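Colleague: Can you keep this structure in mind? I'll have questions shortly.
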Amino acid sequence: MTLMMNSATMTDLPKNDMMGGSFGPELTIYNNFPHTESSCCALLSSGRAALDCLLSNMPRPRRVLIPRFICDTVTEPLQRMELPIVRYQVTEQLEPCPPPDADSRDLLLLVNYFGLTGEAVHAAALRHPGPVIVDATTALYTPPLPGIPTFYSPRKFGGLCDGGVACAPFPLELPTEQDYSAERMLGMWQRAENGLTAAAKAIQQAEDSLSAPPRRMSALTRILLQNIDWQTAARKRLQNYATLHAALAPINRLQLPPHPAFAPMCYPLVCGIPGLRDELIDAGVALPLYWPEVIAATSADETENRLARTLLPLPLDQRYTPTDMQWLIKRILG
């Protein structure tokens, strides 16, 4: 069965397809994804593939400086290229603290956490004397800083099982092979019919498959990418963020912006309420750890360890209404 866009022409058909025959899903194409494909903006198989693409198109640095508070998947392209890695600390407010000996030969990787630390990223990028890359995998709606290569992971913001975006101030040479996504879709369909718990195994298998060599974005993901109304999703995210922040800012140890310029991925809450994570999970709220490997690699008294253990990424995405946010607030505040 072939998945086709509305009003597809013969030139839109995938290779080996035919005109006529059985129908695939009929989708509404919005064409309002925040990043426009061009010679300097590439659609790839995953966020780590997007980082790989950027690194492959840049001069080889002496070292790559990356924060200790980050998902280990970001190191996969660095290890593949045998680039030396130096870890640096972040503050309790998720501000980067690059090593004092960083110089123009070092590539500084900065993270825009959850789409809410853009100002700290901008300030650190201006201070660094060498090249910078911004990890915006949790900051889809934040545009690249002028002259700064940036990579994104849209599957963290909408109904996709893979895909990444690499944006650069220079033309990008892309991988020769194209990805194939149909086999990764099982988890999405299982969640739709049976819920997250039933789909967990298939979702994890899809996640594991993203460690494959970098490829161009699949035809299926390209279609699904344009099937999401990203503008409406951004509006709902900002509305839900405002509801949560108005109620939770007094107990949140993170000093978050009251009115973010761009739609965030979640509402990161760090508070001292004992057992809150378990209580919310028992109530049916999915709260992933960002990131369990950070806990394993650091001691309990270190900032990154405390952040990984205590940060609660409260959902606020386009699936939910202000009423849902009020239910969540009541669960937290009692």
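The way I read the labels, and the way they are meant: chains A, B, ... in the order of the structure tokens, residue 1 as the first residue of every chain, and ligand 1 as the first ligand shown, with later ones counted on from there.
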Please report, as a list in words, each residue of segment 128-275 of chain A to which DSSP assigns strand (DSSP E) when run on this structure's backbone.

Modeller: Val132, Ile133, Val134, Asp135, Thr150, Phe151, Tyr152, Gly164, Val165, Ala166, Cys167, Tyr267, Pro268 and Leu269 of chain A

Colleague: List the spatial neighbours of segment 231-240 of chain A as a VMD selection string - criterion: any atom at most 10 Å away, only C-alpha atoms, same-chain residues fewer than 2 positions off excluded.

Modeller: chain A and resid 30 to 34 140 to 141 157 to 158 228 to 229 242 to 245 259 to 267 315 to 326

Colleague: Print the selection's residues with C-alpha atoms to a file, as an mmCIF file, in the first residue's frame.

Modeller:
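Result saved to selection.cif:
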```cif
data_model
loop_
_atom_site.group_PDB
_atom_site.id
_atom_site.type_symbol
_atom_site.label_atom_id
_atom_site.label_comp_id
_atom_site.auth_asym_id
_atom_site.auth_seq_id
_atom_site.Cartn_x
_atom_site.Cartn_y
_atom_site.Cartn_z
ATOM 1 C CA TYR A 30 -0.093 21.758 5.729
ATOM 2 C CA ASN A 31 3.400 22.605 4.421
ATOM 3 C CA ASN A 32 4.220 24.778 7.452
ATOM 4 C CA PHE A 33 7.200 22.934 8.926
ATOM 5 C CA PRO A 34 9.450 25.517 10.659
ATOM 6 C CA LEU A 140 12.496 22.606 17.078
ATOM 7 C CA TYR A 141 10.896 26.026 16.744
ATOM 8 C CA PHE A 157 7.566 17.426 18.646
ATOM 9 C CA GLY A 158 5.102 15.485 16.473
ATOM 10 C CA ILE A 228 1.496 18.041 10.927
ATOM 11 C CA ASP A 229 0.063 21.515 11.465
ATOM 12 C CA ALA A 242 1.699 29.758 30.031
ATOM 13 C CA THR A 243 -0.891 27.847 32.062
ATOM 14 C CA LEU A 244 1.727 25.648 33.714
ATOM 15 C CA HIS A 245 4.180 28.455 34.362
ATOM 16 C CA HIS A 259 6.803 34.229 27.721
ATOM 17 C CA PRO A 260 9.139 32.121 25.544
ATOM 18 C CA ALA A 261 9.789 33.481 22.064
ATOM 19 C CA PHE A 262 9.399 30.003 20.567
ATOM 20 C CA ALA A 263 7.283 26.974 21.429
ATOM 21 C CA PRO A 264 9.047 24.666 23.922
ATOM 22 C CA MET A 265 9.177 20.884 23.980
ATOM 23 C CA CYS A 266 7.951 20.533 27.574
ATOM 24 C CA TYR A 267 7.738 22.378 30.883
ATOM 25 C CA PRO A 315 4.002 17.380 28.761
ATOM 26 C CA LEU A 316 2.396 20.454 27.207
ATOM 27 C CA ASP A 317 2.171 19.559 23.530
ATOM 28 C CA GLN A 318 -0.577 19.992 20.964
ATOM 29 C CA ARG A 319 -2.491 16.902 22.104
ATOM 30 C CA TYR A 320 -3.539 18.646 25.304
ATOM 31 C CA THR A 321 -5.817 21.496 26.338
ATOM 32 C CA PRO A 322 -5.664 24.066 29.151
ATOM 33 C CA THR A 323 -8.075 21.776 31.020
ATOM 34 C CA ASP A 324 -5.497 19.005 30.841
ATOM 35 C CA MET A 325 -2.901 21.432 32.190
ATOM 36 C CA GLN A 326 -5.165 22.303 35.123
#
```

Colleague: Of the candidates A:Lys201, A:Arg306, A:Lys156, A:Arg216, which one gets nearest to Ser181 of chain A if we count only C-alpha atoms?

Modeller: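 Checking each of A:Lys201, A:Arg306, A:Lys156, A:Arg216 against Ser181 of chain A, counting only C-alpha atoms, the winner is A:Arg216.
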
Colleague: Counting only C-alpha atoms, which residue out of A:Ala49, A:Gln178, A:Arg105, A:Pro100 sits closest to Leu78 of chain A?

Modeller: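 The closest residue to Leu78 of chain A is A:Ala49.
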
Colleague: Identify which of the residues A:Leu27, A:Met19, A:Ala296, A:Cys40 lies closest to Thr150 of chain A, counting only C-alpha atoms when measuring atom-to-atom distances.

Modeller: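 Going through A:Leu27, A:Met19, A:Ala296, A:Cys40 one by one, the smallest distance to Thr150 of chain A is for A:Cys40.
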
Colleague: What are the DSSP alpha helix (DSSP H) residues of segment 76-311 of chain A, as a ChimeraX atom specification?

Modeller: /A:76-80,118-127,186-194,196-209,219-226,230-248,276-282,292-297,303-310

Colleague: Which residues, written as an NGL selection string, have at least one atom at most 7 Å from Asn305 of chain A, with only C-alpha atoms counted and residues fewer than 5 positions away on the same chain left out?

Modeller: :A and (294-295 or 298-300)

Colleague: Pull N, CA and C atoms from the residues just selected and write them as a compact mmCIF listing (two decimals), in the first residue's frame.

Modeller:
```txt
# COMPACT_ATOMS: atom_id res chain seq x y z
N VAL A 294 23.45 10.12 32.27
CA VAL A 294 24.09 11.19 33.04
C VAL A 294 24.20 10.77 34.51
N ILE A 295 23.15 10.14 35.02
CA ILE A 295 23.16 9.67 36.41
C ILE A 295 24.26 8.65 36.62
N THR A 298 27.94 10.35 36.64
CA THR A 298 28.29 11.43 37.56
C THR A 298 27.94 11.02 38.99
N SER A 299 28.51 11.73 39.93
CA SER A 299 28.23 11.44 41.34
C SER A 299 26.99 12.20 41.80
N ALA A 300 26.38 11.74 42.88
CA ALA A 300 25.09 12.26 43.33
C ALA A 300 25.13 13.73 43.70
```

Colleague: Can I get the residues of segment 160-215 of chain A within 12 Å of segment 126-133 of chain A, each with the closest pair of atoms and their distance in Å to one decimal, using only C-alpha atoms, sorted chain first then ascending number, as a tab-separated table?

Modeller:
```
residue	atom	partner	partner_atom	distance
A:Ala166	CA	A:Ile133	CA	10.4
A:Cys167	CA	A:Ile133	CA	10.0
A:Ala168	CA	A:Ile133	CA	9.2
A:Pro169	CA	A:Ile133	CA	11.2
```

Colleague: Those same residues - N, CA and C atoms - I'd like them written as a PDB file, in the first residue's frame.

Modeller:
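Output file out_11.pdb is given in full below:
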```
ATOM      1  N   ALA A 166      19.384  19.414   9.486  1.00  0.00           N
ATOM      2  CA  ALA A 166      20.673  20.091   9.650  1.00  0.00           C
ATOM      3  C   ALA A 166      20.619  21.422   8.926  1.00  0.00           C
ATOM      4  N   CYS A 167      20.843  22.517   9.644  1.00  0.00           N
ATOM      5  CA  CYS A 167      20.862  23.853   9.054  1.00  0.00           C
ATOM      6  C   CYS A 167      22.255  24.443   9.224  1.00  0.00           C
ATOM      7  N   ALA A 168      22.784  25.033   8.166  1.00  0.00           N
ATOM      8  CA  ALA A 168      24.151  25.555   8.207  1.00  0.00           C
ATOM      9  C   ALA A 168      24.247  26.839   7.403  1.00  0.00           C
ATOM     10  N   PRO A 169      25.258  27.676   7.690  1.00  0.00           N
ATOM     11  CA  PRO A 169      25.487  28.890   6.893  1.00  0.00           C
ATOM     12  C   PRO A 169      26.320  28.589   5.644  1.00  0.00           C
TER      13      PRO A 169
END
```

Colleague: When distances are computed from only C-alpha atoms, which of A:Leu65, A:Ala246, A:Val165, A:Leu51 shows the smallest separation from Asp101 of chain A?

Modeller: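 With only C-alpha atoms as the atom set, the closest residue is A:Leu65.
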
Colleague: Please identify all polymer residues within 10 Å of Leu312 of chain A, counting only C-alpha atoms, omitting same-chain residues fewer than 5 positions from it, and present them as an MDAnalysis selection string.

Modeller: chainID A and resid 266:271 276:277 280 286:290 307

Colleague: Using N, CA and C atoms, can you write the selected residues to a file as a PDB file, in the first residue's frame?

Modeller:
```
ATOM      1  N   CYS A 266       8.642  20.946  26.358  1.00  0.00           N
ATOM      2  CA  CYS A 266       7.951  20.533  27.574  1.00  0.00           C
ATOM      3  C   CYS A 266       8.067  21.662  28.588  1.00  0.00           C
ATOM      4  N   TYR A 267       7.524  21.455  29.782  1.00  0.00           N
ATOM      5  CA  TYR A 267       7.738  22.378  30.883  1.00  0.00           C
ATOM      6  C   TYR A 267       8.642  21.681  31.888  1.00  0.00           C
ATOM      7  N   PRO A 268       9.935  22.048  31.944  1.00  0.00           N
ATOM      8  CA  PRO A 268      10.850  21.377  32.866  1.00  0.00           C
ATOM      9  C   PRO A 268      10.658  21.897  34.290  1.00  0.00           C
ATOM     10  N   LEU A 269      10.243  21.019  35.165  1.00  0.00           N
ATOM     11  CA  LEU A 269       9.993  21.375  36.560  1.00  0.00           C
ATOM     12  C   LEU A 269      11.030  20.717  37.453  1.00  0.00           C
ATOM     13  N   VAL A 270      11.707  21.529  38.247  1.00  0.00           N
ATOM     14  CA  VAL A 270      12.623  21.026  39.269  1.00  0.00           C
ATOM     15  C   VAL A 270      12.128  21.554  40.603  1.00  0.00           C
ATOM     16  N   CYS A 271      11.636  20.673  41.439  1.00  0.00           N
ATOM     17  CA  CYS A 271      11.093  21.103  42.726  1.00  0.00           C
ATOM     18  C   CYS A 271      11.447  20.067  43.785  1.00  0.00           C
ATOM     19  N   LEU A 276       7.248  12.911  43.776  1.00  0.00           N
ATOM     20  CA  LEU A 276       6.330  13.468  42.795  1.00  0.00           C
ATOM     21  C   LEU A 276       6.405  12.723  41.457  1.00  0.00           C
ATOM     22  N   ARG A 277       7.614  12.364  41.021  1.00  0.00           N
ATOM     23  CA  ARG A 277       7.716  11.657  39.746  1.00  0.00           C
ATOM     24  C   ARG A 277       6.882  10.370  39.765  1.00  0.00           C
ATOM     25  N   LEU A 280       3.094  11.035  39.687  1.00  0.00           N
ATOM     26  CA  LEU A 280       2.583  11.436  38.382  1.00  0.00           C
ATOM     27  C   LEU A 280       2.566  10.266  37.405  1.00  0.00           C
ATOM     28  N   ALA A 286       3.557  10.321  31.472  1.00  0.00           N
ATOM     29  CA  ALA A 286       4.857   9.810  31.047  1.00  0.00           C
ATOM     30  C   ALA A 286       5.924  10.868  31.338  1.00  0.00           C
ATOM     31  N   LEU A 287       6.927  10.491  32.126  1.00  0.00           N
ATOM     32  CA  LEU A 287       7.981  11.422  32.526  1.00  0.00           C
ATOM     33  C   LEU A 287       9.344  10.770  32.301  1.00  0.00           C
ATOM     34  N   PRO A 288       9.870  10.857  31.090  1.00  0.00           N
ATOM     35  CA  PRO A 288      11.177  10.242  30.830  1.00  0.00           C
ATOM     36  C   PRO A 288      12.277  10.935  31.615  1.00  0.00           C
ATOM     37  N   LEU A 289      13.342  10.187  31.883  1.00  0.00           N
ATOM     38  CA  LEU A 289      14.531  10.741  32.523  1.00  0.00           C
ATOM     39  C   LEU A 289      15.409  11.395  31.459  1.00  0.00           C
ATOM     40  N   TYR A 290      15.805  12.633  31.678  1.00  0.00           N
ATOM     41  CA  TYR A 290      16.787  13.302  30.824  1.00  0.00           C
ATOM     42  C   TYR A 290      18.063  13.511  31.641  1.00  0.00           C
ATOM     43  N   LEU A 307      20.186  17.328  38.276  1.00  0.00           N
ATOM     44  CA  LEU A 307      19.230  17.698  37.228  1.00  0.00           C
ATOM     45  C   LEU A 307      18.586  16.461  36.607  1.00  0.00           C
TER      46      LEU A 307
END
```

Colleague: Need to verify the contact set: Ile70 of chain A, 12 Å, only C-alpha atoms, exclusion of same-chain residues closer than 3 positions in sequence. Can you return it as a ChimeraX atom specification?

Modeller: /A:65-67,73-75,87-90,94,96,109-114,135-138,289-295,297,304-305,307-308

Colleague: In terms of the shortest atom-to-atom distance over only C-alpha atoms, which of A:Asp301, A:Glu95, A:Glu279, A:Glu207 is closest to Arg155 of chain A?

Modeller: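 Nearest candidate to Arg155 of chain A out of A:Asp301, A:Glu95, A:Glu279, A:Glu207: A:Glu207.
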
Colleague: So the first atom is atom CA of Gln93 of chain A and the second is atom CA of Arg253 of chain A; what is the distance between them in Å, to one decimal place?

Modeller: 8.2 Å

Colleague: Tell me, in Å to one decimal, how far atom CA of Leu314 of chain A is from atom CA of Leu145 of chain A.

Modeller: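 A separation of 26.8 Å between them.
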
Colleague: Of the candidates A:Ala50, A:Ala249, A:Ala139, A:Leu224, which one gets nearest to Leu160 of chain A if we count only C-alpha atoms?

Modeller: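 Of all the options, A:Leu224 lies closest to Leu160 of chain A.
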
Colleague: Which neighbours of Cys161 of chain A fall inside 10 Å, counting only C-alpha atoms, when residues of the same chain fewer than 4 positions from it are skipped, and could you give them as an mmCIF file with N, CA and C atoms, in the first residue's frame?

Modeller:
```
data_model
loop_
_atom_site.group_PDB
_atom_site.id
_atom_site.type_symbol
_atom_site.label_atom_id
_atom_site.label_comp_id
_atom_site.auth_asym_id
_atom_site.auth_seq_id
_atom_site.Cartn_x
_atom_site.Cartn_y
_atom_site.Cartn_z
ATOM 1 N N SER A 45 17.928 11.393 8.318
ATOM 2 C CA SER A 45 17.243 10.272 8.946
ATOM 3 C C SER A 45 17.032 10.429 10.447
ATOM 4 N N SER A 46 17.814 11.267 11.111
ATOM 5 C CA SER A 46 17.690 11.442 12.560
ATOM 6 C C SER A 46 18.446 12.687 12.985
ATOM 7 N N PRO A 154 12.696 16.631 14.749
ATOM 8 C CA PRO A 154 11.256 16.923 14.771
ATOM 9 C C PRO A 154 10.394 15.831 15.383
ATOM 10 N N ARG A 155 10.892 14.586 15.455
ATOM 11 C CA ARG A 155 10.065 13.516 16.030
ATOM 12 C C ARG A 155 9.781 13.737 17.509
ATOM 13 N N LYS A 156 10.545 14.606 18.162
ATOM 14 C CA LYS A 156 10.273 14.916 19.566
ATOM 15 C C LYS A 156 9.116 15.906 19.723
ATOM 16 N N SER A 181 11.444 4.106 6.359
ATOM 17 C CA SER A 181 10.812 4.272 7.670
ATOM 18 C C SER A 181 9.641 3.352 7.962
ATOM 19 N N ALA A 182 9.108 2.661 6.968
ATOM 20 C CA ALA A 182 7.854 1.930 7.167
ATOM 21 C C ALA A 182 7.925 0.953 8.335
ATOM 22 N N GLU A 183 9.056 0.254 8.480
ATOM 23 C CA GLU A 183 9.160 -0.735 9.547
ATOM 24 C C GLU A 183 9.252 -0.098 10.924
ATOM 25 N N ARG A 184 9.578 1.193 10.995
ATOM 26 C CA ARG A 184 9.637 1.880 12.288
ATOM 27 C C ARG A 184 8.273 2.385 12.744
ATOM 28 N N MET A 185 7.283 2.307 11.878
ATOM 29 C CA MET A 185 5.994 2.912 12.174
ATOM 30 C C MET A 185 5.142 2.096 13.133
ATOM 31 N N LEU A 186 5.503 0.835 13.374
ATOM 32 C CA LEU A 186 4.655 -0.047 14.174
ATOM 33 C C LEU A 186 4.331 0.550 15.534
ATOM 34 N N GLY A 187 5.323 1.115 16.206
ATOM 35 C CA GLY A 187 5.088 1.674 17.529
ATOM 36 C C GLY A 187 4.055 2.790 17.526
ATOM 37 N N MET A 188 4.087 3.638 16.496
ATOM 38 C CA MET A 188 3.099 4.723 16.402
ATOM 39 C C MET A 188 1.695 4.172 16.260
ATOM 40 N N ILE A 203 8.443 0.945 19.981
ATOM 41 C CA ILE A 203 9.008 2.299 19.982
ATOM 42 C C ILE A 203 10.501 2.239 20.286
ATOM 43 N N ALA A 206 12.399 0.972 17.277
ATOM 44 C CA ALA A 206 12.559 2.043 16.293
ATOM 45 C C ALA A 206 13.665 3.003 16.712
ATOM 46 N N GLU A 207 13.705 3.335 17.998
ATOM 47 C CA GLU A 207 14.757 4.210 18.528
ATOM 48 C C GLU A 207 16.134 3.588 18.322
ATOM 49 N N LEU A 210 17.913 3.893 14.923
ATOM 50 C CA LEU A 210 18.428 5.192 14.485
ATOM 51 C C LEU A 210 19.942 5.293 14.633
ATOM 52 N N THR A 221 8.652 9.733 5.889
ATOM 53 C CA THR A 221 8.774 10.783 6.901
ATOM 54 C C THR A 221 8.609 12.166 6.280
ATOM 55 N N LEU A 224 4.851 12.653 6.098
ATOM 56 C CA LEU A 224 4.270 12.855 7.424
ATOM 57 C C LEU A 224 4.686 14.194 8.033
#
```

Colleague: Enter the distance from atom CA of Arg68 of chain A to atom CA of Thr303 of chain A, in Å, rounded to one decimal.

Modeller: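 These two atoms are separated by 9.5 Å.
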